[in-house]
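Here is the structure we will look at.
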Amino acid sequence: MALALARPIGIVLFYLLKRSRRTALKNLTAVYGSEKSEREIRKIAKESFVHLAEFGVEWLRMPKVSRDPARYLAILGVEKIHDALKRGKGAMLLVSHVGNWEIMALIAGTLIARPVGAAIYALARPLKNAYLYEYSLRLRGLTGLQSIHKVGAVSETFERLKENAIVCLLVDQRVGEGGVEVDFFGEEALTTSLPAVAALRYGTSVFFVFVPPPRTAEPRFTMHVEGPFSIESTGDVKRDIQVNTQAFNDRVETEIRKDPARWLWMHNRWRSRHGAK
């Protein structure tokens, strides 16, 4: 019943959040303007807000989910991450804003890290709303997932990987420090180089994780693990960082194209479209 309310809430948000709506429509038009009608683009934008509302409802239900993980959570391919940890060089889980990334954090802590006693961290920006940010940290902490603050994040991430920990990282948001320009939906987008650097410098295994739909009244979230990702290493470090970061971006783009409404088009992903941060 609670999830059914997400649709009307999402539609209301679409009309109320004018600035976010304009950003979503601008991004979608830039990406799909040559292949979709204005009506189709507007429909995707509206469904993206519905998806955001669904995320919010699921987010509020996470304490309940965490108390009975066997009922709500599942994972495919976890043995690949566990095998990688046996090498002693840590593992990076690349996450995107496709689907529910907070549920992914819950699954990672419960079904990936906990069974093998591994430490797990998430590198993420603090939310602007202090209350929501504290709530988010408490939810992640339910499964032992700790946060890496963005100040000093690069050096701390490398230290954690040297300790053979798991580090989760959202790779589809615009970054400044340590970012490289790569193609994303046909336009340059600043993207973190951290996964590529970790793989090239330390031999860290890199994985993608996704939680596909459908959502149901009594949801069961199944995480799909892909990897370890094939890393290109020619000895030309600058080139290798660029090539591998591009490959990571391409994988996210492919996932978004499967169902565009499940991504956050209201995010200012492209600097050239939205100006300086």
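Labels used: A, B, ... for chains in the order of the structure tokens, numbers from 1 for residues in each chain, and numbers from 1 for ligands as shown.
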So that I can see what lies close to Lys18 (chain A), please list as a PyMOL selection string the residues with an atom at most 12 Å from it, counting only C-alpha atoms and leaving out residues fewer than 6 positions away in the same chain.
chain A and resi 12+24-25+46+49+266
Within 8 Å of region 181-190 of chain A, counting only C-alpha atoms, which residues show up once you throw out same-chain ones fewer than 2 positions away? Write them as an mmCIF file with C-alpha atoms, in the first residue's frame, please.
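Wrote it out as out30.cif, contents follow:
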data_model
loop_
_atom_site.group_PDB
_atom_site.id
_atom_site.type_symbol
_atom_site.label_atom_id
_atom_site.label_comp_id
_atom_site.auth_asym_id
_atom_site.auth_seq_id
_atom_site.Cartn_x
_atom_site.Cartn_y
_atom_site.Cartn_z
ATOM 1 C CA VAL A 31 20.210 12.773 -24.831
ATOM 2 C CA ARG A 174 29.815 14.871 -11.285
ATOM 3 C CA VAL A 175 33.075 15.270 -9.410
ATOM 4 C CA GLY A 176 35.772 17.910 -9.311
ATOM 5 C CA GLY A 179 37.868 13.660 -12.000
ATOM 6 C CA THR A 192 35.883 10.015 -10.677
ATOM 7 C CA GLN A 242 41.073 7.582 -19.213
ATOM 8 C CA THR A 245 37.057 5.348 -16.597
ATOM 9 C CA GLN A 246 35.364 5.594 -19.990
ATOM 10 C CA ASN A 249 30.844 5.179 -17.717
ATOM 11 C CA ASP A 250 29.802 3.131 -20.754
ATOM 12 C CA GLU A 253 25.018 4.331 -19.682
ATOM 13 C CA ARG A 269 25.686 15.428 -14.386
ATOM 14 C CA TRP A 270 27.094 17.442 -17.292
ATOM 15 C CA ARG A 271 29.160 20.527 -16.491
ATOM 16 C CA SER A 272 28.898 21.907 -20.024
#
Hey, which bits of region 73-102 of chain A sit within 7 Å of region 166-171 of chain A, and for each residue what's the closest pair of atoms and how far apart in Å (one decimal), counting only C-alpha atoms, rows by chain and increasing number, as a tab-separated table?
residue	atom	partner	partner_atom	distance
A:Gly90	CA	A:Ile166	CA	5.7
A:Ala91	CA	A:Ile166	CA	4.9
A:Met92	CA	A:Val167	CA	4.9
A:Leu93	CA	A:Cys168	CA	4.6
A:Leu94	CA	A:Leu169	CA	5.2
A:Val95	CA	A:Leu170	CA	4.7
A:Ser96	CA	A:Leu170	CA	5.2
Just checking: using only C-alpha atoms, which residue out of A:Ser147, A:Ser193, A:Asn164, A:Thr110 ends up closest to Met223 (chain A)?
A:Thr110
Need to verify the contact set: Ser20 (chain A), 12 Å, only C-alpha atoms, exclusion of same-chain residues closer than 4 positions in sequence. Can you return it as a PDB file with C-alpha atoms, in the first residue's frame?
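Now in around_13.pdb:
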ATOM      1  CA  LEU A  13       6.940  16.355  -7.041  1.00  0.00           C
ATOM      2  CA  PHE A  14       7.288  16.632 -10.816  1.00  0.00           C
ATOM      3  CA  TYR A  15       5.070  19.705 -10.853  1.00  0.00           C
ATOM      4  CA  LEU A  16       6.265  21.238  -7.571  1.00  0.00           C
ATOM      5  CA  ALA A  24      15.530  16.648 -16.048  1.00  0.00           C
ATOM      6  CA  LEU A  25      13.828  17.814 -19.229  1.00  0.00           C
ATOM      7  CA  LYS A  26      17.003  19.581 -20.394  1.00  0.00           C
ATOM      8  CA  ASN A  27      19.122  16.483 -19.855  1.00  0.00           C
ATOM      9  CA  ALA A  45      10.999  12.784 -16.817  1.00  0.00           C
ATOM     10  CA  LYS A  46       7.731  12.321 -14.931  1.00  0.00           C
ATOM     11  CA  SER A  48      11.868   9.534 -13.054  1.00  0.00           C
ATOM     12  CA  PHE A  49      10.179  11.552 -10.310  1.00  0.00           C
ATOM     13  CA  LEU A  52      12.442   8.948  -6.829  1.00  0.00           C
ATOM     14  CA  LEU A 264      17.954  10.605 -11.664  1.00  0.00           C
ATOM     15  CA  TRP A 265      17.768  12.926 -14.658  1.00  0.00           C
ATOM     16  CA  MET A 266      17.371  15.907 -12.330  1.00  0.00           C
ATOM     17  CA  HIS A 267      21.060  15.590 -11.356  1.00  0.00           C
ATOM     18  CA  ASN A 268      23.480  18.136 -12.902  1.00  0.00           C
TER      19      ASN A 268
END
